[in-house]
Structure formats: structure tokens, C-alpha cells
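Q: Dropping in entry.txt, which is compact mmCIF, C-alpha atoms and all ligand atoms:
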```txt
# COMPACT_ATOMS: atom_id res chain seq x y z
CA MET A 1 19.82 20.24 -29.57
CA ASP A 2 19.31 19.25 -25.94
CA THR A 3 16.72 16.81 -24.67
CA HIS A 4 14.21 19.52 -23.73
CA GLU A 5 14.42 21.14 -27.15
CA ILE A 6 13.92 17.80 -28.88
CA PHE A 7 10.89 17.15 -26.67
CA ASN A 8 9.44 20.65 -27.15
CA ASP A 9 9.72 20.54 -30.95
CA SER A 10 8.22 17.06 -31.07
CA TYR A 11 5.34 18.03 -28.76
CA ALA A 12 4.61 21.07 -30.96
CA ARG A 13 4.44 18.83 -34.06
CA CYS A 14 2.17 16.37 -32.22
CA GLN A 15 -0.25 19.11 -31.24
CA ARG A 16 -0.75 20.06 -34.89
CA ASN A 17 -2.71 16.81 -35.02
CA LYS A 18 -6.03 17.63 -33.37
CA SER A 19 -6.47 13.98 -32.38
CA PHE A 20 -3.17 13.63 -30.55
CA PHE A 21 -4.66 13.45 -27.05
CA LEU A 22 -7.52 11.19 -28.10
CA ILE A 23 -5.06 8.84 -29.80
CA PHE A 24 -3.15 8.72 -26.52
CA TYR A 25 -6.29 7.80 -24.53
CA ARG A 26 -7.33 5.19 -27.09
CA HIS A 27 -3.95 3.47 -26.79
CA PHE A 28 -3.99 3.78 -23.02
CA TRP A 29 -7.45 2.26 -22.65
CA GLN A 30 -6.47 -0.67 -24.88
CA LYS A 31 -3.75 -1.67 -22.43
CA ASP A 32 -6.11 -2.59 -19.59
CA GLN A 33 -9.90 -2.78 -19.22
CA ARG A 34 -9.41 -1.17 -15.79
CA PHE A 35 -8.11 2.01 -17.46
CA GLU A 36 -11.11 2.24 -19.76
CA ASP A 37 -13.50 1.66 -16.83
CA LEU A 38 -11.83 4.40 -14.78
CA PHE A 39 -12.66 6.99 -17.44
CA LYS A 40 -16.24 5.84 -18.18
CA ASN A 41 -17.91 8.81 -16.52
CA VAL A 42 -15.18 11.36 -17.08
CA ASP A 43 -15.74 14.49 -19.20
CA MET A 44 -13.01 13.91 -21.81
CA GLU A 45 -12.77 17.53 -22.91
CA GLN A 46 -11.96 18.57 -19.39
CA GLN A 47 -9.63 15.59 -19.01
CA ILE A 48 -7.69 16.60 -22.13
CA ARG A 49 -7.26 20.12 -20.71
CA MET A 50 -5.98 18.47 -17.53
CA LEU A 51 -3.62 16.28 -19.53
CA LYS A 52 -2.09 19.32 -21.26
CA LEU A 53 -1.52 20.97 -17.89
CA SER A 54 -0.11 17.74 -16.45
CA ILE A 55 2.36 17.38 -19.32
CA SER A 56 3.68 20.91 -18.69
CA MET A 57 3.96 20.25 -14.94
CA ILE A 58 5.71 16.92 -15.40
CA MET A 59 8.12 18.57 -17.79
CA LEU A 60 9.04 21.21 -15.21
CA ALA A 61 9.63 18.60 -12.50
CA SER A 62 13.40 18.61 -12.93
CA SER A 63 13.77 22.37 -12.58
CA SER A 64 10.97 23.66 -10.34
CA ASP A 65 10.14 23.00 -6.67
CA GLN A 66 6.65 24.30 -7.26
CA ALA A 67 6.06 21.82 -10.10
CA ARG A 68 7.36 18.96 -7.92
CA GLU A 69 4.92 19.95 -5.17
CA GLY A 70 2.06 20.00 -7.68
CA ILE A 71 3.03 16.56 -8.97
CA ARG A 72 3.12 15.19 -5.42
CA ARG A 73 -0.47 16.38 -5.04
CA PHE A 74 -1.44 14.72 -8.38
CA GLY A 75 0.23 11.52 -7.16
CA LYS A 76 -1.74 11.46 -3.92
CA ILE A 77 -5.04 12.00 -5.78
CA HIS A 78 -4.23 8.92 -7.90
CA GLY A 79 -3.25 6.69 -4.98
CA ARG A 80 -5.01 3.98 -3.01
CA GLU A 81 -7.26 6.41 -1.16
CA GLY A 82 -8.12 8.25 -4.36
CA ILE A 83 -8.43 6.95 -7.92
CA GLY A 84 -6.57 3.71 -7.08
CA VAL A 85 -3.82 3.87 -9.70
CA GLN A 86 -0.89 1.45 -9.19
CA PRO A 87 2.75 2.48 -9.70
CA ASN A 88 3.14 0.24 -12.79
CA ASP A 89 0.19 1.96 -14.48
CA PHE A 90 2.44 4.95 -15.08
CA GLU A 91 4.63 2.84 -17.38
CA ALA A 92 1.55 2.02 -19.47
CA TRP A 93 0.66 5.72 -19.39
CA LEU A 94 4.08 6.81 -20.71
CA ASP A 95 4.22 3.97 -23.29
CA SER A 96 0.81 5.07 -24.61
CA LEU A 97 1.94 8.69 -24.81
CA ILE A 98 4.99 7.68 -26.85
CA GLU A 99 2.83 5.50 -29.11
CA ALA A 100 0.68 8.57 -29.78
CA VAL A 101 3.87 10.57 -30.51
CA SER A 102 5.03 7.88 -32.96
CA ILE A 103 1.75 8.30 -34.86
CA CYS A 104 1.47 12.10 -34.74
CA ASP A 105 5.06 13.35 -35.01
CA PRO A 106 6.14 12.97 -38.65
CA LYS A 107 9.80 13.21 -37.56
CA TYR A 108 9.46 10.50 -34.90
CA ASN A 109 12.60 8.40 -34.29
CA ASP A 110 14.44 6.66 -31.42
CA GLU A 111 16.14 9.86 -30.30
CA ILE A 112 12.75 11.59 -29.98
CA ALA A 113 11.27 8.66 -28.04
CA LEU A 114 14.24 8.79 -25.67
CA ALA A 115 13.85 12.56 -25.19
CA TRP A 116 10.18 12.09 -24.16
CA ARG A 117 11.15 9.32 -21.71
CA GLN A 118 13.99 11.42 -20.30
CA CYS A 119 11.82 14.50 -19.84
CA PHE A 120 9.10 12.58 -17.98
CA LYS A 121 11.42 10.46 -15.88
CA GLN A 122 11.51 12.53 -12.73
CA GLY A 123 7.84 13.51 -12.76
CA ILE A 124 6.71 9.90 -13.25
CA ALA A 125 9.03 8.79 -10.42
CA ILE A 126 7.32 11.30 -8.09
CA MET A 127 3.84 10.19 -9.18
CA LYS A 128 4.77 6.54 -8.53
CA GLU A 129 6.17 7.30 -5.10
CA GLU A 130 3.19 9.35 -3.99
CA CYS A 131 0.43 7.10 -5.29
CA GLN A 132 1.42 4.13 -3.11
C1 LIG B 201 2.09 11.07 -15.06
C2 LIG B 201 0.90 10.58 -15.22
C3 LIG B 201 -0.39 11.27 -14.83
C4 LIG B 201 -0.65 12.59 -14.55
C5 LIG B 201 0.34 13.73 -14.55
C6 LIG B 201 -2.06 12.70 -14.22
C7 LIG B 201 -2.71 13.86 -13.85
C8 LIG B 201 -4.04 13.97 -13.49
C9 LIG B 201 -4.69 15.13 -12.97
C10 LIG B 201 -4.00 16.47 -12.71
C11 LIG B 201 -5.98 14.83 -12.75
C12 LIG B 201 -7.07 15.74 -12.20
C13 LIG B 201 -7.16 15.53 -10.71
C14 LIG B 201 -8.22 16.39 -10.06
O1 LIG B 201 -7.92 17.53 -9.74
O2 LIG B 201 -9.34 15.89 -9.88
C15 LIG B 201 -6.17 13.46 -13.12
C16 LIG B 201 -7.35 12.78 -13.02
C17 LIG B 201 -7.50 11.45 -13.29
N1 LIG B 201 -6.51 10.57 -13.67
FE1 LIG B 201 -4.58 11.00 -13.98
N2 LIG B 201 -2.64 11.46 -14.32
C18 LIG B 201 -1.64 10.57 -14.69
C19 LIG B 201 -1.76 9.21 -14.85
C20 LIG B 201 -2.93 8.51 -14.70
C21 LIG B 201 -3.05 7.08 -14.82
C22 LIG B 201 -1.90 6.11 -15.07
C23 LIG B 201 -4.39 6.79 -14.64
C24 LIG B 201 -5.12 5.49 -14.66
C25 LIG B 201 -4.59 4.30 -14.54
C26 LIG B 201 -5.08 8.04 -14.40
C27 LIG B 201 -6.43 8.17 -14.18
C28 LIG B 201 -7.07 9.33 -13.86
C29 LIG B 201 -8.51 9.41 -13.58
C30 LIG B 201 -9.50 8.26 -13.67
C31 LIG B 201 -8.77 10.73 -13.23
C32 LIG B 201 -10.09 11.29 -12.70
C33 LIG B 201 -10.90 11.98 -13.68
C34 LIG B 201 -12.21 12.46 -13.04
O3 LIG B 201 -12.84 11.69 -12.31
O4 LIG B 201 -12.54 13.61 -13.28
N3 LIG B 201 -4.17 9.06 -14.44
N4 LIG B 201 -4.97 12.95 -13.57
```
Written as C-alpha cells, how would this file's structure read?
Ligand code: HEM

A:
Amino acid sequence: MDTHEIFNDSYARCQRNKSFFLIFYRHFWQKDQRFEDLFKNVDMEQQIRMLKLSISMIMLASSSDQAREGIRRFGKIHGREGIGVQPNDFEAWLDSLIEAVSICDPKYNDEIALAWRQCFKQGIAIMKEECQ
């Protein structure tokens, strides 16, 4: 199985747990008070829809120009003149996502964690670059 297949199967198992995205946000907010504060007035149902879309976009980053363009736009929105996210925050974001995977994917192991990291690598790099 290649990296994308490992990721796809794992993501499908995660989504069988209705709390997957909430578990992610709970872990993320625990990493920094700033993160929790940023989401205080955000409609979480809408945010979770956005997160699902973002995950698909980030995944396509390595193969699609259009996805890369979209991610550049996301990056700019998060930057200094927008939400004010710092490049390192994306590491906390990805760590939290993988923590949620470790809880929700019953088949979770090191190979699966690596596949998630691999699949998000390019998209996260673009977000970091554009948010500065
Ligand atoms: C790869 C990682 C990430 C992706 C793909 C992503 C994607 C998005 C997208 C697409 C939106 C909606 C933008 C809009 O149209 O208004 C959004 C909003 C937001 N993001 Fe992110 N994000 C990521 C990481 C982060 C991180 C690390 C933080 C905080 C440290 C963050 C905080 C927020 C906040 C506070 C909003 C605004 C919600 C609102 O006011 O409605 N995001 N994100």
C-alpha cells in the first residue's frame, strides 16, 4: 500500500468516530491558551466543515496546482495581517491531528502516523511560507 492509501484508509476509520474532529480541537487547544482564545467566538460546526475541506485540499497539494493555489490563500488568511498564526503553530496543529488519529483509528501505528505526516508535508510547508 502506498502512503496515500494508508492515509485514506486511516482517515476513513477515524471518521467513523463522530468525535474525531472535536478530539482534534480539544488536543489543539490544550497546547496553547492562544489557540483556545482564537476560537472563542467561532461557530465550531462551520469550522469542522472547513477542517474537512482543508484536509482534502492539503492532501491534494502534492498533485494539484489548483489545490496549491487554494492553500496559498488559506496561508495568507492565517498570517500576520489576518488571524495571526505563526509558522510553528502548524507543527502543533499537525501533532494534534495525529494525536486524534491515535485515539480514533483502531489500527493506529507508527507507519500510519508517518503516512499522515508525509501526506500533509507539502501543504503545511505552503501554509507556513504564506502566513509569514
Ligand atoms: C494546515 C493547517 C490549517 C488549515 C488548512 C486551515 C484552514 C482554515 C480555513 C480554510 C479557514 C477558513 C478561512 C475563511 O475563509 O475565513 C480557517 C479559519 C481559521 N483558522 Fe485555520 N487552518 C489551519 C491551521 C490553523 C492554525 C494552526 C490555527 C491557529 C493557531 C488556525 C486558526 C484558525 C482560525 C482562528 C480561523 C478563523 C475562524 C473564524 O473566525 O471563522 N488555523 N482555517

Q: Quick one: axis-aligned box around all listed atoms of ligand LIG 201 (chain B), 6 Å on every side, centre and edge lengths in Å to one decimal, written as lines of an AutoDock Vina configuration file.

A:
```
center_x = -5.4
center_y = 10.9
center_z = -12.5
size_x = 26.9
size_y = 25.2
size_z = 17.5
```

Q: Please check which protein, DNA or RNA residues sit within 9 Å of ligand LIG 201 (chain B), counting only C-alpha atoms and all ligand atoms, and write them as a VMD selection string.

A: chain A and resid 28 to 29 32 34 to 44 46 to 47 50 to 51 53 to 58 70 to 71 73 to 75 77 to 78 83 to 94 120 123 to 128

Q: At a cut-off of 8 Å, using only C-alpha atoms, what residues contact Lys76 in chain A? Leave out same-chain residues fewer than 6 positions from it and give the result as a PDB file with C-alpha atoms, keeping the file's coordinate frame.

A:
```
ATOM      1  CA  GLY A  82      -8.120   8.250  -4.360  1.00  0.00           C
ATOM      2  CA  MET A 127       3.840  10.190  -9.180  1.00  0.00           C
ATOM      3  CA  GLU A 130       3.190   9.350  -3.990  1.00  0.00           C
ATOM      4  CA  CYS A 131       0.430   7.100  -5.290  1.00  0.00           C
TER       5      CYS A 131
END
```

Q: As an exercise, work out the distance from CA of Phe21 in chain A to CA of Ala100 in chain A in Å and give it to one decimal place.

A: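 Rounded to one decimal, the two atoms are 7.7 Å apart.
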
Q: Taking 2 positions as the minimum chain separation for residues in the same chain, which residues sit within 12 Å of range 11-20 of chain A when counting only C-alpha atoms? Answer as a PyMOL selection string.

A: chain A and resi 4-9+22-27+45+48+51-52+55-56+59+96-108+112-113+115-116+119

Q: Taking all atoms listed in the file into account, which of A:Glu111, A:Gln132, A:Ser62, A:Lys121 comes nearest Asp2 in chain A?

A: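 Of the candidates, the smallest distance to Asp2 in chain A is held by A:Glu111.
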
Q: Would you work out the distance separating CA of Arg72 in chain A from CA of Gln30 in chain A, expressed in Å to one decimal?

A: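 These atoms are spaced 26.9 Å apart.
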